Every structure is written in C-alpha cells, then in structure tokens.
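What follows is the content of work_26.cif, which has mmCIF, N, CA, C and O atoms:
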```
data_entry
loop_
_atom_site.group_PDB
_atom_site.id
_atom_site.type_symbol
_atom_site.label_atom_id
_atom_site.label_comp_id
_atom_site.auth_asym_id
_atom_site.auth_seq_id
_atom_site.Cartn_x
_atom_site.Cartn_y
_atom_site.Cartn_z
ATOM 1 N N MET A 8 0.822 -1.173 0.000
ATOM 2 C CA MET A 8 0.000 0.000 0.000
ATOM 3 C C MET A 8 0.877 1.252 0.000
ATOM 4 O O MET A 8 1.365 1.622 -1.036
ATOM 5 N N THR A 9 1.126 1.856 1.161
ATOM 6 C CA THR A 9 1.944 3.073 1.178
ATOM 7 C C THR A 9 3.357 2.803 1.664
ATOM 8 O O THR A 9 4.211 3.665 1.556
ATOM 9 N N GLY A 10 3.593 1.644 2.238
ATOM 10 C CA GLY A 10 4.909 1.322 2.762
ATOM 11 C C GLY A 10 5.147 1.871 4.162
ATOM 12 O O GLY A 10 6.196 1.654 4.752
ATOM 13 N N GLN A 11 4.189 2.592 4.708
ATOM 14 C CA GLN A 11 4.332 3.148 6.053
ATOM 15 C C GLN A 11 3.756 2.175 7.068
ATOM 16 O O GLN A 11 2.743 1.530 6.826
ATOM 17 N N SER A 12 4.418 2.065 8.212
ATOM 18 C CA SER A 12 3.907 1.173 9.242
ATOM 19 C C SER A 12 2.927 1.933 10.135
ATOM 20 O O SER A 12 2.985 3.148 10.253
ATOM 21 N N VAL A 13 2.031 1.175 10.724
ATOM 22 C CA VAL A 13 1.042 1.737 11.632
ATOM 23 C C VAL A 13 1.191 1.020 12.971
ATOM 24 O O VAL A 13 1.261 -0.196 13.017
ATOM 25 N N THR A 14 1.259 1.786 14.049
ATOM 26 C CA THR A 14 1.386 1.216 15.381
ATOM 27 C C THR A 14 0.164 1.593 16.203
ATOM 28 O O THR A 14 -0.238 2.757 16.213
ATOM 29 N N HIS A 15 -0.426 0.616 16.857
ATOM 30 C CA HIS A 15 -1.587 0.862 17.715
ATOM 31 C C HIS A 15 -1.147 0.910 19.166
ATOM 32 O O HIS A 15 -0.422 0.034 19.629
ATOM 33 N N GLN A 16 -1.567 1.954 19.879
ATOM 34 C CA GLN A 16 -1.324 2.038 21.311
ATOM 35 C C GLN A 16 -2.672 2.189 21.984
ATOM 36 O O GLN A 16 -3.351 3.193 21.811
ATOM 37 N N ASP A 17 -3.067 1.172 22.742
ATOM 38 C CA ASP A 17 -4.372 1.181 23.386
ATOM 39 C C ASP A 17 -4.333 2.065 24.625
ATOM 40 O O ASP A 17 -3.688 1.746 25.614
ATOM 41 N N LEU A 18 -5.012 3.196 24.544
ATOM 42 C CA LEU A 18 -5.068 4.120 25.672
ATOM 43 C C LEU A 18 -6.177 3.767 26.647
ATOM 44 O O LEU A 18 -6.180 4.241 27.771
ATOM 45 N N GLY A 19 -7.109 2.971 26.216
ATOM 46 C CA GLY A 19 -8.280 2.685 27.030
ATOM 47 C C GLY A 19 -9.340 3.746 26.764
ATOM 48 O O GLY A 19 -9.022 4.919 26.554
ATOM 49 N N PRO A 20 -10.592 3.354 26.750
ATOM 50 C CA PRO A 20 -11.660 4.268 26.369
ATOM 51 C C PRO A 20 -11.754 5.521 27.238
ATOM 52 O O PRO A 20 -11.948 6.618 26.722
ATOM 53 N N GLU A 21 -11.632 5.383 28.534
ATOM 54 C CA GLU A 21 -11.778 6.563 29.389
ATOM 55 C C GLU A 21 -10.681 7.593 29.129
ATOM 56 O O GLU A 21 -10.929 8.792 29.180
ATOM 57 N N ALA A 22 -9.475 7.139 28.814
ATOM 58 C CA ALA A 22 -8.373 8.079 28.551
ATOM 59 C C ALA A 22 -8.630 8.892 27.294
ATOM 60 O O ALA A 22 -8.531 10.123 27.315
ATOM 61 N N TRP A 23 -8.992 8.243 26.191
ATOM 62 C CA TRP A 23 -9.155 9.021 24.962
ATOM 63 C C TRP A 23 -10.475 9.773 24.925
ATOM 64 O O TRP A 23 -10.551 10.894 24.412
ATOM 65 N N ILE A 24 -11.537 9.207 25.490
ATOM 66 C CA ILE A 24 -12.814 9.929 25.524
ATOM 67 C C ILE A 24 -12.701 11.126 26.461
ATOM 68 O O ILE A 24 -13.095 12.239 26.119
ATOM 69 N N GLY A 25 -12.141 10.907 27.641
ATOM 70 C CA GLY A 25 -11.940 12.008 28.589
ATOM 71 C C GLY A 25 -11.042 13.091 28.017
ATOM 72 O O GLY A 25 -11.297 14.293 28.186
ATOM 73 N N GLY A 26 -9.991 12.690 27.316
ATOM 74 C CA GLY A 26 -9.094 13.660 26.683
ATOM 75 C C GLY A 26 -9.787 14.453 25.595
ATOM 76 O O GLY A 26 -9.587 15.668 25.465
ATOM 77 N N ALA A 27 -10.629 13.793 24.817
ATOM 78 C CA ALA A 27 -11.359 14.476 23.749
ATOM 79 C C ALA A 27 -12.356 15.474 24.321
ATOM 80 O O ALA A 27 -12.521 16.578 23.797
ATOM 81 N N VAL A 28 -13.008 15.105 25.420
ATOM 82 C CA VAL A 28 -13.948 16.026 26.078
ATOM 83 C C VAL A 28 -13.181 17.209 26.661
ATOM 84 O O VAL A 28 -13.558 18.367 26.472
ATOM 85 N N ALA A 29 -12.086 16.932 27.374
ATOM 86 C CA ALA A 29 -11.294 17.995 27.995
ATOM 87 C C ALA A 29 -10.732 18.967 26.959
ATOM 88 O O ALA A 29 -10.627 20.173 27.213
ATOM 89 N N ALA A 30 -10.384 18.462 25.774
ATOM 90 C CA ALA A 30 -9.834 19.316 24.717
ATOM 91 C C ALA A 30 -10.924 20.070 23.957
ATOM 92 O O ALA A 30 -10.628 20.905 23.110
ATOM 93 N N GLY A 31 -12.185 19.757 24.255
ATOM 94 C CA GLY A 31 -13.277 20.440 23.577
ATOM 95 C C GLY A 31 -13.603 19.868 22.204
ATOM 96 O O GLY A 31 -14.358 20.460 21.441
ATOM 97 N N ILE A 32 -13.039 18.712 21.898
ATOM 98 C CA ILE A 32 -13.275 18.080 20.597
ATOM 99 C C ILE A 32 -14.613 17.353 20.585
ATOM 100 O O ILE A 32 -15.293 17.312 19.567
ATOM 101 N N VAL A 33 -14.977 16.800 21.729
ATOM 102 C CA VAL A 33 -16.196 16.011 21.853
ATOM 103 C C VAL A 33 -17.071 16.622 22.949
ATOM 104 O O VAL A 33 -16.602 16.811 24.073
ATOM 105 N N PRO A 34 -18.341 16.938 22.651
ATOM 106 C CA PRO A 34 -19.248 17.424 23.688
ATOM 107 C C PRO A 34 -19.494 16.336 24.733
ATOM 108 O O PRO A 34 -19.484 15.151 24.415
ATOM 109 N N ILE A 35 -19.719 16.727 25.963
ATOM 110 C CA ILE A 35 -19.891 15.777 27.057
ATOM 111 C C ILE A 35 -21.038 14.798 26.798
ATOM 112 O O ILE A 35 -20.925 13.622 27.098
ATOM 113 N N ASP A 36 -22.142 15.256 26.187
ATOM 114 C CA ASP A 36 -23.252 14.342 25.935
ATOM 115 C C ASP A 36 -22.917 13.324 24.844
ATOM 116 O O ASP A 36 -23.429 12.216 24.834
ATOM 117 N N TYR A 37 -22.024 13.667 23.939
ATOM 118 C CA TYR A 37 -21.588 12.726 22.905
ATOM 119 C C TYR A 37 -20.665 11.666 23.502
ATOM 120 O O TYR A 37 -20.587 10.547 23.016
ATOM 121 N N ALA A 38 -19.975 12.018 24.569
ATOM 122 C CA ALA A 38 -19.070 11.072 25.226
ATOM 123 C C ALA A 38 -19.835 9.856 25.736
ATOM 124 O O ALA A 38 -19.303 8.744 25.738
ATOM 125 N N VAL A 39 -21.080 10.045 26.135
ATOM 126 C CA VAL A 39 -21.914 8.925 26.590
ATOM 127 C C VAL A 39 -22.070 7.908 25.460
ATOM 128 O O VAL A 39 -21.929 6.699 25.662
ATOM 129 N N MET A 40 -22.347 8.396 24.252
ATOM 130 C CA MET A 40 -22.496 7.511 23.096
ATOM 131 C C MET A 40 -21.173 6.828 22.766
ATOM 132 O O MET A 40 -21.137 5.650 22.438
ATOM 133 N N LEU A 41 -20.066 7.561 22.859
ATOM 134 C CA LEU A 41 -18.756 6.964 22.567
ATOM 135 C C LEU A 41 -18.433 5.845 23.554
ATOM 136 O O LEU A 41 -17.871 4.823 23.165
ATOM 137 N N ARG A 42 -18.792 6.031 24.825
ATOM 138 C CA ARG A 42 -18.560 4.975 25.812
ATOM 139 C C ARG A 42 -19.378 3.722 25.465
ATOM 140 O O ARG A 42 -18.886 2.606 25.556
ATOM 141 N N TRP A 43 -20.635 3.921 25.066
ATOM 142 C CA TRP A 43 -21.488 2.801 24.681
ATOM 143 C C TRP A 43 -20.910 2.097 23.450
ATOM 144 O O TRP A 43 -20.777 0.879 23.415
ATOM 145 N N GLN A 44 -20.549 2.879 22.436
ATOM 146 C CA GLN A 44 -20.028 2.306 21.200
ATOM 147 C C GLN A 44 -18.715 1.575 21.446
ATOM 148 O O GLN A 44 -18.489 0.479 20.932
ATOM 149 N N THR A 45 -17.836 2.158 22.236
ATOM 150 C CA THR A 45 -16.554 1.535 22.537
ATOM 151 C C THR A 45 -16.760 0.214 23.275
ATOM 152 O O THR A 45 -16.122 -0.795 22.953
ATOM 153 N N GLY A 46 -17.659 0.209 24.246
ATOM 154 C CA GLY A 46 -17.950 -1.020 24.975
ATOM 155 C C GLY A 46 -18.496 -2.101 24.064
ATOM 156 O O GLY A 46 -18.135 -3.273 24.180
ATOM 157 N N THR A 47 -19.359 -1.717 23.132
ATOM 158 C CA THR A 47 -19.924 -2.664 22.176
ATOM 159 C C THR A 47 -18.832 -3.265 21.306
ATOM 160 O O THR A 47 -18.785 -4.473 21.077
ATOM 161 N N THR A 48 -17.917 -2.436 20.841
ATOM 162 C CA THR A 48 -16.829 -2.901 19.979
ATOM 163 C C THR A 48 -15.871 -3.808 20.739
ATOM 164 O O THR A 48 -15.470 -4.865 20.247
ATOM 165 N N ILE A 49 -15.504 -3.413 21.953
ATOM 166 C CA ILE A 49 -14.552 -4.189 22.756
ATOM 167 C C ILE A 49 -15.082 -5.593 23.041
ATOM 168 O O ILE A 49 -14.330 -6.563 23.016
ATOM 169 N N THR A 50 -16.373 -5.707 23.277
ATOM 170 C CA THR A 50 -16.950 -7.019 23.598
ATOM 171 C C THR A 50 -17.240 -7.861 22.359
ATOM 172 O O THR A 50 -17.685 -8.992 22.468
ATOM 173 N N GLY A 51 -16.999 -7.298 21.161
ATOM 174 C CA GLY A 51 -17.191 -8.053 19.931
ATOM 175 C C GLY A 51 -18.585 -7.976 19.362
ATOM 176 O O GLY A 51 -18.879 -8.590 18.347
ATOM 177 N N HIS A 52 -19.453 -7.220 19.988
ATOM 178 C CA HIS A 52 -20.810 -7.064 19.468
ATOM 179 C C HIS A 52 -20.796 -5.965 18.403
ATOM 180 O O HIS A 52 -20.051 -5.005 18.490
ATOM 181 N N GLY A 53 -21.608 -6.108 17.431
ATOM 182 C CA GLY A 53 -21.653 -5.110 16.365
ATOM 183 C C GLY A 53 -20.646 -5.372 15.265
ATOM 184 O O GLY A 53 -20.516 -4.594 14.339
ATOM 185 N N SER A 54 -19.919 -6.474 15.364
ATOM 186 C CA SER A 54 -18.919 -6.769 14.345
ATOM 187 C C SER A 54 -19.415 -7.766 13.307
ATOM 188 O O SER A 54 -18.648 -8.240 12.484
ATOM 189 N N THR A 55 -20.676 -8.085 13.341
ATOM 190 C CA THR A 55 -21.245 -9.020 12.383
ATOM 191 C C THR A 55 -21.568 -8.289 11.084
ATOM 192 O O THR A 55 -22.312 -7.309 11.101
ATOM 193 N N PRO A 56 -20.979 -8.722 9.967
ATOM 194 C CA PRO A 56 -21.276 -8.059 8.694
ATOM 195 C C PRO A 56 -22.771 -8.109 8.377
ATOM 196 O O PRO A 56 -23.449 -9.085 8.672
ATOM 197 N N ASN A 57 -23.256 -7.025 7.801
ATOM 198 C CA ASN A 57 -24.655 -6.975 7.391
ATOM 199 C C ASN A 57 -24.763 -6.097 6.138
ATOM 200 O O ASN A 57 -23.751 -5.655 5.602
ATOM 201 N N ASP A 58 -25.971 -5.842 5.711
ATOM 202 C CA ASP A 58 -26.156 -5.062 4.483
ATOM 203 C C ASP A 58 -26.609 -3.624 4.763
ATOM 204 O O ASP A 58 -27.172 -2.964 3.899
ATOM 205 N N ASP A 59 -26.358 -3.107 5.959
ATOM 206 C CA ASP A 59 -26.792 -1.756 6.311
ATOM 207 C C ASP A 59 -26.205 -0.686 5.394
ATOM 208 O O ASP A 59 -26.903 0.252 5.001
ATOM 209 N N ILE A 60 -24.922 -0.796 5.057
ATOM 210 C CA ILE A 60 -24.283 0.202 4.190
ATOM 211 C C ILE A 60 -24.983 0.244 2.834
ATOM 212 O O ILE A 60 -25.288 1.311 2.306
ATOM 213 N N GLU A 61 -25.250 -0.924 2.289
ATOM 214 C CA GLU A 61 -25.924 -0.988 0.987
ATOM 215 C C GLU A 61 -27.344 -0.418 1.072
ATOM 216 O O GLU A 61 -27.781 0.302 0.165
ATOM 217 N N LYS A 62 -28.041 -0.699 2.164
ATOM 218 C CA LYS A 62 -29.391 -0.156 2.340
ATOM 219 C C LYS A 62 -29.377 1.368 2.370
ATOM 220 O O LYS A 62 -30.245 2.015 1.800
ATOM 221 N N VAL A 63 -28.389 1.941 3.056
ATOM 222 C CA VAL A 63 -28.333 3.390 3.226
ATOM 223 C C VAL A 63 -27.769 4.094 1.993
ATOM 224 O O VAL A 63 -28.298 5.104 1.538
ATOM 225 N N SER A 64 -26.683 3.538 1.442
ATOM 226 C CA SER A 64 -25.975 4.238 0.361
ATOM 227 C C SER A 64 -26.295 3.721 -1.037
ATOM 228 O O SER A 64 -25.988 4.391 -2.029
ATOM 229 N N GLY A 65 -26.862 2.518 -1.118
ATOM 230 C CA GLY A 65 -27.109 1.930 -2.426
ATOM 231 C C GLY A 65 -25.866 1.275 -3.016
ATOM 232 O O GLY A 65 -25.880 0.801 -4.144
ATOM 233 N N GLN A 66 -24.760 1.258 -2.247
ATOM 234 C CA GLN A 66 -23.515 0.643 -2.715
ATOM 235 C C GLN A 66 -23.087 -0.436 -1.736
ATOM 236 O O GLN A 66 -23.251 -0.288 -0.527
ATOM 237 N N LYS A 67 -22.516 -1.513 -2.279
ATOM 238 C CA LYS A 67 -22.029 -2.581 -1.410
ATOM 239 C C LYS A 67 -20.870 -2.078 -0.565
ATOM 240 O O LYS A 67 -20.055 -1.271 -1.014
ATOM 241 N N ALA A 68 -20.812 -2.538 0.674
ATOM 242 C CA ALA A 68 -19.707 -2.189 1.561
ATOM 243 C C ALA A 68 -18.434 -2.899 1.101
ATOM 244 O O ALA A 68 -18.492 -3.930 0.434
ATOM 245 N N THR A 69 -17.297 -2.333 1.447
ATOM 246 C CA THR A 69 -16.020 -2.970 1.151
ATOM 247 C C THR A 69 -15.255 -3.165 2.456
ATOM 248 O O THR A 69 -15.534 -2.500 3.444
ATOM 249 N N ILE A 70 -14.296 -4.067 2.435
ATOM 250 C CA ILE A 70 -13.454 -4.246 3.608
ATOM 251 C C ILE A 70 -12.429 -3.117 3.649
ATOM 252 O O ILE A 70 -12.178 -2.449 2.645
ATOM 253 N N PHE A 71 -11.842 -2.889 4.810
ATOM 254 C CA PHE A 71 -10.929 -1.764 4.976
ATOM 255 C C PHE A 71 -9.762 -1.834 4.002
ATOM 256 O O PHE A 71 -9.348 -0.823 3.450
ATOM 257 N N ARG A 72 -9.226 -3.024 3.777
ATOM 258 C CA ARG A 72 -8.079 -3.161 2.865
ATOM 259 C C ARG A 72 -8.426 -2.616 1.475
ATOM 260 O O ARG A 72 -7.641 -1.896 0.873
ATOM 261 N N GLU A 73 -9.606 -2.941 0.968
ATOM 262 C CA GLU A 73 -10.020 -2.438 -0.345
ATOM 263 C C GLU A 73 -10.139 -0.917 -0.331
ATOM 264 O O GLU A 73 -9.704 -0.236 -1.258
ATOM 265 N N PHE A 74 -10.734 -0.378 0.732
ATOM 266 C CA PHE A 74 -10.861 1.076 0.872
ATOM 267 C C PHE A 74 -9.475 1.731 0.886
ATOM 268 O O PHE A 74 -9.231 2.707 0.191
ATOM 269 N N ALA A 75 -8.552 1.174 1.676
ATOM 270 C CA ALA A 75 -7.211 1.748 1.792
ATOM 271 C C ALA A 75 -6.462 1.693 0.466
ATOM 272 O O ALA A 75 -5.803 2.656 0.077
ATOM 273 N N GLN A 76 -6.565 0.578 -0.242
ATOM 274 C CA GLN A 76 -5.900 0.462 -1.538
ATOM 275 C C GLN A 76 -6.476 1.459 -2.542
ATOM 276 O O GLN A 76 -5.750 2.111 -3.267
ATOM 277 N N ARG A 77 -7.792 1.584 -2.555
ATOM 278 C CA ARG A 77 -8.458 2.487 -3.490
ATOM 279 C C ARG A 77 -8.125 3.957 -3.203
ATOM 280 O O ARG A 77 -8.107 4.775 -4.106
ATOM 281 N N ASN A 78 -7.820 4.276 -1.943
ATOM 282 C CA ASN A 78 -7.583 5.666 -1.559
ATOM 283 C C ASN A 78 -6.148 5.955 -1.131
ATOM 284 O O ASN A 78 -5.873 7.017 -0.569
ATOM 285 N N ALA A 79 -5.224 5.046 -1.419
ATOM 286 C CA ALA A 79 -3.824 5.236 -1.025
ATOM 287 C C ALA A 79 -3.247 6.509 -1.622
ATOM 288 O O ALA A 79 -2.411 7.173 -0.998
ATOM 289 N N HIS A 80 -3.690 6.888 -2.807
ATOM 290 C CA HIS A 80 -3.174 8.094 -3.450
ATOM 291 C C HIS A 80 -3.425 9.343 -2.598
ATOM 292 O O HIS A 80 -2.643 10.278 -2.619
ATOM 293 N N ALA A 81 -4.481 9.343 -1.810
ATOM 294 C CA ALA A 81 -4.802 10.513 -0.993
ATOM 295 C C ALA A 81 -3.780 10.701 0.117
ATOM 296 O O ALA A 81 -3.530 11.818 0.556
ATOM 297 N N ARG A 82 -3.149 9.624 0.579
ATOM 298 C CA ARG A 82 -2.133 9.717 1.622
ATOM 299 C C ARG A 82 -0.774 10.097 1.061
ATOM 300 O O ARG A 82 0.071 10.592 1.771
ATOM 301 N N THR A 83 -0.562 9.854 -0.206
ATOM 302 C CA THR A 83 0.764 10.107 -0.774
ATOM 303 C C THR A 83 0.802 11.354 -1.643
ATOM 304 O O THR A 83 1.871 11.837 -1.986
ATOM 305 N N ALA A 84 -0.365 11.872 -1.997
ATOM 306 C CA ALA A 84 -0.406 13.061 -2.865
ATOM 307 C C ALA A 84 0.016 14.298 -2.082
ATOM 308 O O ALA A 84 -0.290 14.437 -0.910
ATOM 309 N N THR A 85 0.724 15.181 -2.737
ATOM 310 C CA THR A 85 1.097 16.437 -2.099
ATOM 311 C C THR A 85 0.150 17.526 -2.555
ATOM 312 O O THR A 85 -0.293 17.548 -3.703
ATOM 313 N N ALA A 86 -0.149 18.412 -1.658
ATOM 314 C CA ALA A 86 -1.083 19.498 -1.977
ATOM 315 C C ALA A 86 -0.384 20.540 -2.846
ATOM 316 O O ALA A 86 0.779 20.855 -2.638
ATOM 317 N N ALA A 87 -1.111 21.061 -3.813
ATOM 318 C CA ALA A 87 -0.574 22.127 -4.663
ATOM 319 C C ALA A 87 -0.527 23.414 -3.843
ATOM 320 O O ALA A 87 -1.451 23.745 -3.120
ATOM 321 N N VAL A 88 0.565 24.119 -3.952
ATOM 322 C CA VAL A 88 0.721 25.355 -3.179
ATOM 323 C C VAL A 88 0.440 26.547 -4.056
ATOM 324 O O VAL A 88 0.750 26.631 -5.181
#
```
Please go through the file and, once you have read it, give me the structure as structure tokens.
Amino acid sequence: MTGQSVTHQDLGPEAWIGGAVAAGIVPIDYAVMLRWQTGTTITGHGSTPNDDIEKVSGQKATIFREFAQRNAHARTATAAV
C-alpha cells in the first residue's frame, strides 16, 4: 500500500474519551455515546457483517483493505501550493 507502518497504542476508552472532552473536541453528551459504542466494539458485538451500508448508500460495503488500496493516493499526494 503506502509502505508506512502503523502502530496501535491502546489508551483505554476513558483516557481518549476524557481527553477528547477535555480538549473540547467532543461534547460531554456525545461522550456517553462513545462509551457505549466503545464497549460494544470491545466485547465483539456489532462486528457481524450486514447489508446496512448498501441499504443506506445503495452501494455494497467494502473491507478496509479495499478502501485503503483504493484511496492510497490521498495519503501520498502532495497538496498544490
């Protein structure tokens, strides 16, 4: 793809959600939803493939690898000055 490595560092949900709220990036009421969503993801719920994307957008969903390959040019392109 781009040849760049990606490293994941798990901060834990409270650290990144709390940090986002403290920085003013996320409203406090939205943090409640993020906690729910994060808990759902961590426990493995919500990871079952379905046809929701196709229902909403009219296009079949793709896996992340396909998305990344199709859009790799956006990460490597330089902006015109």
Which residue, A:Ser64, A:Thr9, A:Ile24, A:Phe74, has the smallest gap to Gln44 in chain A when you use only C-alpha atoms?
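Among the listed residues, A:Ile24 lies closest to Gln44 in chain A.
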Computed interatomic separation between atom N of Leu18 in chain A and CA of Phe71 in chain A (Å)
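About the pair atom N of Leu18 in chain A and CA of Phe71 in chain A: they are 21.0 Å apart.
Atom pair CA of Met40 in chain A / atom O of Thr14 in chain A has a distance of 23.8 Å (rounded to one decimal).
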Given 6 Å of margin on each side, can you work out the centre and size in Å (one decimal) of an axis-aligned box holding every listed atom of range 46-60 of chain A, as lines of an AutoDock Vina configuration file?
```
center_x = -20.8
center_y = -3.9
center_z = 13.6
size_x = 24.8
size_y = 22.4
size_z = 34.7
```
To test your reading of the structure, identify every residue in chain A that backbone DSSP assigns to helix (DSSP H, G or I), and report it as a count of residues only.
43
At what distance in Å, to one decimal, does atom N of Gly19 in chain A lie from atom N of Gly51 in chain A?
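Taking atom N of Gly51 in chain A as the start and atom N of Gly19 in chain A as the end point, the length is 15.1 Å.
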All residues 12 Å or closer to Gly10 in chain A, only C-alpha atoms, same chain fewer than 3 positions away omitted, as a PyMOL selection string:
chain A and resi 13+76+79+82-83
Convert the current residue selection to file output with N, CA, C and O atoms, as a short mmCIF file (atom, residue, chain, number, x, y, z; two decimals), in the coordinates of the input.
```cif
data_model
loop_
_atom_site.label_atom_id
_atom_site.label_comp_id
_atom_site.auth_asym_id
_atom_site.auth_seq_id
_atom_site.Cartn_x
_atom_site.Cartn_y
_atom_site.Cartn_z
N VAL A 13 2.03 1.18 10.72
CA VAL A 13 1.04 1.74 11.63
C VAL A 13 1.19 1.02 12.97
O VAL A 13 1.26 -0.20 13.02
N GLN A 76 -6.56 0.58 -0.24
CA GLN A 76 -5.90 0.46 -1.54
C GLN A 76 -6.48 1.46 -2.54
O GLN A 76 -5.75 2.11 -3.27
N ALA A 79 -5.22 5.05 -1.42
CA ALA A 79 -3.82 5.24 -1.02
C ALA A 79 -3.25 6.51 -1.62
O ALA A 79 -2.41 7.17 -1.00
N ARG A 82 -3.15 9.62 0.58
CA ARG A 82 -2.13 9.72 1.62
C ARG A 82 -0.77 10.10 1.06
O ARG A 82 0.07 10.59 1.77
N THR A 83 -0.56 9.85 -0.21
CA THR A 83 0.76 10.11 -0.77
C THR A 83 0.80 11.35 -1.64
O THR A 83 1.87 11.84 -1.99
#
```
Can you take range 69-82 of chain A from the block and write N, CA and C atoms as a PDB file, in the first residue's frame?
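File produced: out02.pdb:
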```
ATOM      1  N   THR A  69     -17.297  -2.333   1.447  1.00  0.00           N
ATOM      2  CA  THR A  69     -16.020  -2.970   1.151  1.00  0.00           C
ATOM      3  C   THR A  69     -15.255  -3.165   2.456  1.00  0.00           C
ATOM      4  N   ILE A  70     -14.296  -4.067   2.435  1.00  0.00           N
ATOM      5  CA  ILE A  70     -13.454  -4.246   3.608  1.00  0.00           C
ATOM      6  C   ILE A  70     -12.429  -3.117   3.649  1.00  0.00           C
ATOM      7  N   PHE A  71     -11.842  -2.889   4.810  1.00  0.00           N
ATOM      8  CA  PHE A  71     -10.929  -1.764   4.976  1.00  0.00           C
ATOM      9  C   PHE A  71      -9.762  -1.834   4.002  1.00  0.00           C
ATOM     10  N   ARG A  72      -9.226  -3.024   3.777  1.00  0.00           N
ATOM     11  CA  ARG A  72      -8.079  -3.161   2.865  1.00  0.00           C
ATOM     12  C   ARG A  72      -8.426  -2.616   1.475  1.00  0.00           C
ATOM     13  N   GLU A  73      -9.606  -2.941   0.968  1.00  0.00           N
ATOM     14  CA  GLU A  73     -10.020  -2.438  -0.345  1.00  0.00           C
ATOM     15  C   GLU A  73     -10.139  -0.917  -0.331  1.00  0.00           C
ATOM     16  N   PHE A  74     -10.734  -0.378   0.732  1.00  0.00           N
ATOM     17  CA  PHE A  74     -10.861   1.076   0.872  1.00  0.00           C
ATOM     18  C   PHE A  74      -9.475   1.731   0.886  1.00  0.00           C
ATOM     19  N   ALA A  75      -8.552   1.174   1.676  1.00  0.00           N
ATOM     20  CA  ALA A  75      -7.211   1.748   1.792  1.00  0.00           C
ATOM     21  C   ALA A  75      -6.462   1.693   0.466  1.00  0.00           C
ATOM     22  N   GLN A  76      -6.565   0.578  -0.242  1.00  0.00           N
ATOM     23  CA  GLN A  76      -5.900   0.462  -1.538  1.00  0.00           C
ATOM     24  C   GLN A  76      -6.476   1.459  -2.542  1.00  0.00           C
ATOM     25  N   ARG A  77      -7.792   1.584  -2.555  1.00  0.00           N
ATOM     26  CA  ARG A  77      -8.458   2.487  -3.490  1.00  0.00           C
ATOM     27  C   ARG A  77      -8.125   3.957  -3.203  1.00  0.00           C
ATOM     28  N   ASN A  78      -7.820   4.276  -1.943  1.00  0.00           N
ATOM     29  CA  ASN A  78      -7.583   5.666  -1.559  1.00  0.00           C
ATOM     30  C   ASN A  78      -6.148   5.955  -1.131  1.00  0.00           C
ATOM     31  N   ALA A  79      -5.224   5.046  -1.419  1.00  0.00           N
ATOM     32  CA  ALA A  79      -3.824   5.236  -1.025  1.00  0.00           C
ATOM     33  C   ALA A  79      -3.247   6.509  -1.622  1.00  0.00           C
ATOM     34  N   HIS A  80      -3.690   6.888  -2.807  1.00  0.00           N
ATOM     35  CA  HIS A  80      -3.174   8.094  -3.450  1.00  0.00           C
ATOM     36  C   HIS A  80      -3.425   9.343  -2.598  1.00  0.00           C
ATOM     37  N   ALA A  81      -4.481   9.343  -1.810  1.00  0.00           N
ATOM     38  CA  ALA A  81      -4.802  10.513  -0.993  1.00  0.00           C
ATOM     39  C   ALA A  81      -3.780  10.701   0.117  1.00  0.00           C
ATOM     40  N   ARG A  82      -3.149   9.624   0.579  1.00  0.00           N
ATOM     41  CA  ARG A  82      -2.133   9.717   1.622  1.00  0.00           C
ATOM     42  C   ARG A  82      -0.774  10.097   1.061  1.00  0.00           C
TER      43      ARG A  82
END
```
